[in-house]
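Engineer: Next up is a structure, given as structure tokens.
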Amino acid sequence: MSAPFPFHRETTVRVAASPQVVFALLDDHQRLAAHMEKPSLMMAGATMAIKTDSKKGQALGSLITVTGQVLGMALSVSEKVTEYAPPLRKTWETIGDPHLLVIGAYRMGFVLAADAEASQLRVWIDYDWPAGRRARLLGKLLGKTYADWCVQRMAADAARVFSERHSDGNQ
């Protein structure tokens with residue numbers, strides 16, 4: 001029997017803040033996935049809308065929905081927080097059938113570790129190709145690139161927030 005998520009991508013960055021402070025930033029799913037709400041080449045110029053339940057994605061079992069249109073196709077995915085251990089780790093994964101272009105079902109998360117007066121942040125995704133022949137072909141061609149972009153954007157965005165605060169004298 002194969003693993004439910006055969007592909008894995010991750011990135012690690014140093015963030016100039018404590019794990020508690022970084023976790024508080026990343027625990028805001030709207031902010032964590034903000035790269036999806038802005039037009040970009042990786043999003044084919046489209047944007048996705050992120051909605052959370054009353055727990056705001058900040059509790060075990062909390063639900064997150066991402067919807068939008070890319071190249072005229074409706075996309076949507078529902079996620080559920082499956083691990084919630086502030087201030088060190090959080091994991092969420094797709095529930096139901098995701099309607100995405102280049103990746104299918106996935107589990108994603110981040111792990112923080114104290115590093116002197118900063119943190120090591122590791123953002124990762126385990127994923128499968130999307131369902132359907134055409135989407136599977138797109139997944140084979142672009143899935144790895146897209147997964148890398150997602151984890152790198154999340155990690156770099158967090159590092160940049162604290163780099164900018166530090167350079168402004170605000171921490």
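In the structure tokens, the first chain shown is A, the next is B, and so on; residue numbers restart at 1 for each chain, and ligands run from 1 in the order shown.
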Based on DSSP run over this structure's backbone, return all residues of range 11-169 of chain A in alpha helix (DSSP H), as an MDAnalysis selection string.

Structural biologist: chainID A and resid 19:26 29:32 133:167

Engineer: For the residues in that selection, give me C-alpha atoms as a short mmCIF file (atom, residue, chain, number, x, y, z; two decimals), in the first residue's frame.

Structural biologist:
```cif
data_model
loop_
_atom_site.label_atom_id
_atom_site.label_comp_id
_atom_site.auth_asym_id
_atom_site.auth_seq_id
_atom_site.Cartn_x
_atom_site.Cartn_y
_atom_site.Cartn_z
CA PRO A 19 8.68 30.65 18.18
CA GLN A 20 5.78 32.13 20.17
CA VAL A 21 5.78 35.33 18.13
CA VAL A 22 6.24 33.55 14.78
CA PHE A 23 3.50 31.02 15.62
CA ALA A 24 1.08 33.86 16.37
CA LEU A 25 1.74 35.29 12.89
CA LEU A 26 1.49 31.95 11.07
CA HIS A 29 -4.45 31.44 8.06
CA GLN A 30 -5.53 34.53 6.11
CA ARG A 31 -2.02 35.90 6.52
CA LEU A 32 -0.26 32.56 6.07
CA ARG A 133 -6.02 12.58 -16.78
CA ARG A 134 -5.43 16.18 -17.86
CA ALA A 135 -4.96 17.45 -14.32
CA ARG A 136 -2.59 14.54 -13.58
CA LEU A 137 -0.48 15.56 -16.56
CA LEU A 138 -0.39 19.15 -15.28
CA GLY A 139 0.52 17.78 -11.86
CA LYS A 140 3.43 15.82 -13.30
CA LEU A 141 4.64 18.91 -15.14
CA LEU A 142 4.03 21.64 -12.56
CA GLY A 143 3.14 20.07 -9.20
CA LYS A 144 6.66 20.13 -7.75
CA THR A 145 7.22 23.73 -8.87
CA TYR A 146 3.91 24.84 -7.41
CA ALA A 147 4.48 23.00 -4.11
CA ASP A 148 7.96 24.57 -3.82
CA TRP A 149 6.49 28.01 -4.49
CA CYS A 150 3.88 27.58 -1.76
CA VAL A 151 6.24 26.49 1.00
CA GLN A 152 8.92 29.00 -0.01
CA ARG A 153 6.43 31.89 -0.10
CA MET A 154 5.01 31.06 3.32
CA ALA A 155 8.48 30.78 4.87
CA ALA A 156 9.91 33.84 3.10
CA ASP A 157 6.87 35.96 3.96
CA ALA A 158 7.29 35.15 7.67
CA ALA A 159 11.03 35.85 7.59
CA ARG A 160 10.42 39.14 5.77
CA VAL A 161 7.82 40.35 8.30
CA PHE A 162 10.28 39.99 11.17
CA SER A 163 13.23 41.25 9.16
CA GLU A 164 11.27 44.44 8.37
CA ARG A 165 10.17 44.85 12.00
CA HIS A 166 13.72 44.34 13.20
CA SER A 167 15.16 46.87 10.74
#
```

Engineer: Mind checking DSSP for range 41-142 of chain A and telling me the strand (DSSP E) residues as an mmCIF file with N, CA and C atoms, in the first residue's frame?

Structural biologist:
```cif
data_model
loop_
_atom_site.group_PDB
_atom_site.id
_atom_site.type_symbol
_atom_site.label_atom_id
_atom_site.label_comp_id
_atom_site.auth_asym_id
_atom_site.auth_seq_id
_atom_site.Cartn_x
_atom_site.Cartn_y
_atom_site.Cartn_z
ATOM 1 N N MET A 48 -7.295 33.508 -5.155
ATOM 2 C CA MET A 48 -8.165 32.604 -4.411
ATOM 3 C C MET A 48 -8.639 33.338 -3.160
ATOM 4 N N ALA A 49 -9.852 33.025 -2.702
ATOM 5 C CA ALA A 49 -10.400 33.609 -1.478
ATOM 6 C C ALA A 49 -10.312 32.575 -0.362
ATOM 7 N N ILE A 50 -9.888 33.015 0.807
ATOM 8 C CA ILE A 50 -9.709 32.128 1.951
ATOM 9 C C ILE A 50 -10.770 32.463 2.987
ATOM 10 N N LYS A 51 -11.511 31.441 3.415
ATOM 11 C CA LYS A 51 -12.537 31.626 4.448
ATOM 12 C C LYS A 51 -12.300 30.589 5.535
ATOM 13 N N THR A 52 -12.538 31.005 6.775
ATOM 14 C CA THR A 52 -12.368 30.100 7.898
ATOM 15 C C THR A 52 -13.671 29.992 8.687
ATOM 16 N N LEU A 63 -12.009 24.423 10.308
ATOM 17 C CA LEU A 63 -12.135 24.259 8.859
ATOM 18 C C LEU A 63 -11.759 25.537 8.112
ATOM 19 N N ILE A 64 -11.124 25.333 6.955
ATOM 20 C CA ILE A 64 -10.665 26.422 6.089
ATOM 21 C C ILE A 64 -11.116 26.078 4.673
ATOM 22 N N THR A 65 -11.649 27.044 3.953
ATOM 23 C CA THR A 65 -12.080 26.832 2.575
ATOM 24 C C THR A 65 -11.381 27.848 1.679
ATOM 25 N N VAL A 66 -10.867 27.364 0.563
ATOM 26 C CA VAL A 66 -10.187 28.219 -0.408
ATOM 27 C C VAL A 66 -10.908 28.032 -1.745
ATOM 28 N N THR A 67 -11.358 29.132 -2.343
ATOM 29 C CA THR A 67 -12.081 29.072 -3.611
ATOM 30 C C THR A 67 -11.583 30.143 -4.564
ATOM 31 N N GLY A 68 -11.790 29.905 -5.845
ATOM 32 C CA GLY A 68 -11.420 30.895 -6.837
ATOM 33 C C GLY A 68 -11.553 30.335 -8.234
ATOM 34 N N GLN A 69 -11.074 31.092 -9.197
ATOM 35 C CA GLN A 69 -11.073 30.665 -10.585
ATOM 36 C C GLN A 69 -9.700 30.914 -11.173
ATOM 37 N N VAL A 70 -9.207 29.936 -11.889
ATOM 38 C CA VAL A 70 -7.929 30.054 -12.577
ATOM 39 C C VAL A 70 -8.152 29.614 -14.015
ATOM 40 N N MET A 73 -11.491 28.182 -14.855
ATOM 41 C CA MET A 73 -11.954 26.979 -14.161
ATOM 42 C C MET A 73 -12.146 27.267 -12.682
ATOM 43 N N ALA A 74 -13.288 26.806 -12.146
ATOM 44 C CA ALA A 74 -13.554 26.976 -10.720
ATOM 45 C C ALA A 74 -12.673 26.013 -9.927
ATOM 46 N N LEU A 75 -11.987 26.552 -8.934
ATOM 47 C CA LEU A 75 -11.141 25.747 -8.063
ATOM 48 C C LEU A 75 -11.638 25.879 -6.633
ATOM 49 N N SER A 76 -11.495 24.817 -5.868
ATOM 50 C CA SER A 76 -11.871 24.879 -4.462
ATOM 51 C C SER A 76 -11.197 23.741 -3.700
ATOM 52 N N VAL A 77 -10.945 24.015 -2.441
ATOM 53 C CA VAL A 77 -10.383 23.001 -1.555
ATOM 54 C C VAL A 77 -10.846 23.314 -0.139
ATOM 55 N N SER A 78 -11.187 22.268 0.597
ATOM 56 C CA SER A 78 -11.519 22.404 2.013
ATOM 57 C C SER A 78 -10.417 21.737 2.812
ATOM 58 N N GLU A 79 -10.029 22.385 3.902
ATOM 59 C CA GLU A 79 -8.947 21.894 4.743
ATOM 60 C C GLU A 79 -9.433 21.814 6.189
ATOM 61 N N LYS A 80 -8.795 20.925 6.944
ATOM 62 C CA LYS A 80 -9.107 20.761 8.357
ATOM 63 C C LYS A 80 -7.801 20.762 9.137
ATOM 64 N N VAL A 81 -7.755 21.508 10.232
ATOM 65 C CA VAL A 81 -6.574 21.525 11.095
ATOM 66 C C VAL A 81 -6.524 20.176 11.815
ATOM 67 N N THR A 82 -5.429 19.432 11.603
ATOM 68 C CA THR A 82 -5.310 18.078 12.158
ATOM 69 C C THR A 82 -4.285 17.970 13.284
ATOM 70 N N GLU A 83 -3.448 18.977 13.434
ATOM 71 C CA GLU A 83 -2.505 19.029 14.542
ATOM 72 C C GLU A 83 -2.364 20.492 14.934
ATOM 73 N N TYR A 84 -2.488 20.742 16.221
ATOM 74 C CA TYR A 84 -2.411 22.114 16.706
ATOM 75 C C TYR A 84 -1.664 22.099 18.027
ATOM 76 N N ALA A 85 -0.396 22.500 17.988
ATOM 77 C CA ALA A 85 0.466 22.448 19.166
ATOM 78 C C ALA A 85 1.256 23.753 19.301
ATOM 79 N N ARG A 89 4.062 23.777 16.391
ATOM 80 C CA ARG A 89 3.669 23.117 15.149
ATOM 81 C C ARG A 89 2.171 23.208 14.887
ATOM 82 N N LYS A 90 1.869 23.166 13.583
ATOM 83 C CA LYS A 90 0.478 23.157 13.135
ATOM 84 C C LYS A 90 0.437 22.412 11.806
ATOM 85 N N THR A 91 -0.587 21.589 11.635
ATOM 86 C CA THR A 91 -0.776 20.814 10.406
ATOM 87 C C THR A 91 -2.237 20.901 9.989
ATOM 88 N N TRP A 92 -2.473 20.979 8.689
ATOM 89 C CA TRP A 92 -3.824 20.933 8.149
ATOM 90 C C TRP A 92 -3.785 20.088 6.891
ATOM 91 N N GLU A 93 -4.935 19.520 6.525
ATOM 92 C CA GLU A 93 -4.978 18.712 5.312
ATOM 93 C C GLU A 93 -6.324 18.811 4.635
ATOM 94 N N THR A 94 -6.319 18.445 3.376
ATOM 95 C CA THR A 94 -7.547 18.523 2.594
ATOM 96 C C THR A 94 -8.556 17.495 3.105
ATOM 97 N N ILE A 95 -9.814 17.880 2.992
ATOM 98 C CA ILE A 95 -10.911 16.949 3.255
ATOM 99 C C ILE A 95 -11.797 16.960 2.018
ATOM 100 N N GLY A 96 -12.433 15.848 1.739
ATOM 101 C CA GLY A 96 -13.246 15.767 0.531
ATOM 102 C C GLY A 96 -12.360 15.721 -0.701
ATOM 103 N N ASP A 97 -12.941 16.040 -1.836
ATOM 104 C CA ASP A 97 -12.210 16.026 -3.102
ATOM 105 C C ASP A 97 -11.792 17.439 -3.483
ATOM 106 N N PRO A 98 -10.481 17.727 -3.430
ATOM 107 C CA PRO A 98 -10.044 19.057 -3.842
ATOM 108 C C PRO A 98 -10.194 19.233 -5.348
ATOM 109 N N HIS A 99 -10.572 20.417 -5.754
ATOM 110 C CA HIS A 99 -10.678 20.766 -7.173
ATOM 111 C C HIS A 99 -9.579 21.776 -7.462
ATOM 112 N N TYR A 106 -3.640 17.054 -0.122
ATOM 113 C CA TYR A 106 -2.362 17.364 0.522
ATOM 114 C C TYR A 106 -2.513 17.475 2.030
ATOM 115 N N ARG A 107 -1.378 17.361 2.691
ATOM 116 C CA ARG A 107 -1.217 17.668 4.109
ATOM 117 C C ARG A 107 -0.099 18.699 4.161
ATOM 118 N N MET A 108 -0.294 19.734 4.939
ATOM 119 C CA MET A 108 0.670 20.828 4.963
ATOM 120 C C MET A 108 0.834 21.312 6.392
ATOM 121 N N GLY A 109 1.990 21.894 6.681
ATOM 122 C CA GLY A 109 2.158 22.420 8.020
ATOM 123 C C GLY A 109 3.464 23.157 8.201
ATOM 124 N N PHE A 110 3.678 23.558 9.444
ATOM 125 C CA PHE A 110 4.937 24.213 9.784
ATOM 126 C C PHE A 110 5.374 23.759 11.163
ATOM 127 N N VAL A 111 6.701 23.828 11.359
ATOM 128 C CA VAL A 111 7.322 23.455 12.622
ATOM 129 C C VAL A 111 8.296 24.567 12.985
ATOM 130 N N LEU A 112 8.266 24.978 14.234
ATOM 131 C CA LEU A 112 9.169 26.024 14.728
ATOM 132 C C LEU A 112 10.076 25.452 15.809
ATOM 133 N N ALA A 113 11.313 25.913 15.816
ATOM 134 C CA ALA A 113 12.267 25.543 16.858
ATOM 135 C C ALA A 113 13.036 26.793 17.258
ATOM 136 N N ALA A 114 13.263 26.935 18.558
ATOM 137 C CA ALA A 114 14.035 28.080 19.045
ATOM 138 C C ALA A 114 15.454 27.985 18.519
ATOM 139 N N ASP A 115 16.008 29.137 18.144
ATOM 140 C CA ASP A 115 17.364 29.220 17.609
ATOM 141 C C ASP A 115 17.976 30.523 18.128
ATOM 142 N N ALA A 118 16.101 33.745 17.896
ATOM 143 C CA ALA A 118 15.288 33.663 16.686
ATOM 144 C C ALA A 118 14.603 32.299 16.657
ATOM 145 N N SER A 119 14.128 31.915 15.466
ATOM 146 C CA SER A 119 13.482 30.620 15.283
ATOM 147 C C SER A 119 13.931 30.015 13.964
ATOM 148 N N GLN A 120 13.934 28.706 13.918
ATOM 149 C CA GLN A 120 14.037 27.989 12.657
ATOM 150 C C GLN A 120 12.605 27.625 12.284
ATOM 151 N N LEU A 121 12.195 28.001 11.101
ATOM 152 C CA LEU A 121 10.849 27.710 10.606
ATOM 153 C C LEU A 121 10.970 26.744 9.443
ATOM 154 N N ARG A 122 10.298 25.601 9.578
ATOM 155 C CA ARG A 122 10.238 24.634 8.469
ATOM 156 C C ARG A 122 8.785 24.560 8.021
ATOM 157 N N VAL A 123 8.549 24.859 6.754
ATOM 158 C CA VAL A 123 7.221 24.760 6.151
ATOM 159 C C VAL A 123 7.276 23.609 5.159
ATOM 160 N N TRP A 124 6.280 22.735 5.191
ATOM 161 C CA TRP A 124 6.316 21.534 4.359
ATOM 162 C C TRP A 124 4.937 21.218 3.789
ATOM 163 N N ILE A 125 4.954 20.415 2.726
ATOM 164 C CA ILE A 125 3.717 19.907 2.140
ATOM 165 C C ILE A 125 3.961 18.483 1.655
ATOM 166 N N ASP A 126 3.038 17.596 1.965
ATOM 167 C CA ASP A 126 2.980 16.250 1.403
ATOM 168 C C ASP A 126 1.759 16.268 0.494
ATOM 169 N N TYR A 127 1.891 15.809 -0.734
ATOM 170 C CA TYR A 127 0.780 15.958 -1.673
ATOM 171 C C TYR A 127 0.725 14.807 -2.677
#
```

Engineer: So what do you get for CA of Val15 in chain A versus CA of Leu88 in chain A, distance-wise?

Structural biologist: 13.4 Å

Engineer: CA of Ala46 in chain A to CA of Val102 in chain A: how many Å, to one decimal?

Structural biologist: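 Pair CA of Ala46 in chain A / CA of Val102 in chain A returns 14.3 Å.
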
Engineer: Pick the closest to Pro87 in chain A from A:Leu60, A:Trp129, A:Val13, A:Ser18: which is it, counting only C-alpha atoms?

Structural biologist: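 Selected residue with least distance to Pro87 in chain A: A:Ser18.
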
Engineer: Which residue out of A:Ala116, A:Pro86, A:Leu100, A:Pro130 has the minimum interatomic distance to Asp27 in chain A when only C-alpha atoms are used?

Structural biologist: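 Closest residue, counting only C-alpha atoms: A:Pro86.
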
Engineer: What is the distance, in Å and to one decimal place, between CA of Gly61 in chain A and CA of Pro6 in chain A?

Structural biologist: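 CA of Gly61 in chain A sits 23.8 Å away from CA of Pro6 in chain A.
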
Engineer: A:Ala131, A:Asp28, A:Leu101, A:Phe7: which is nearest Ala59 in chain A, counting only C-alpha atoms?

Structural biologist: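 The answer is A:Asp28, which sits nearest to Ala59 in chain A.
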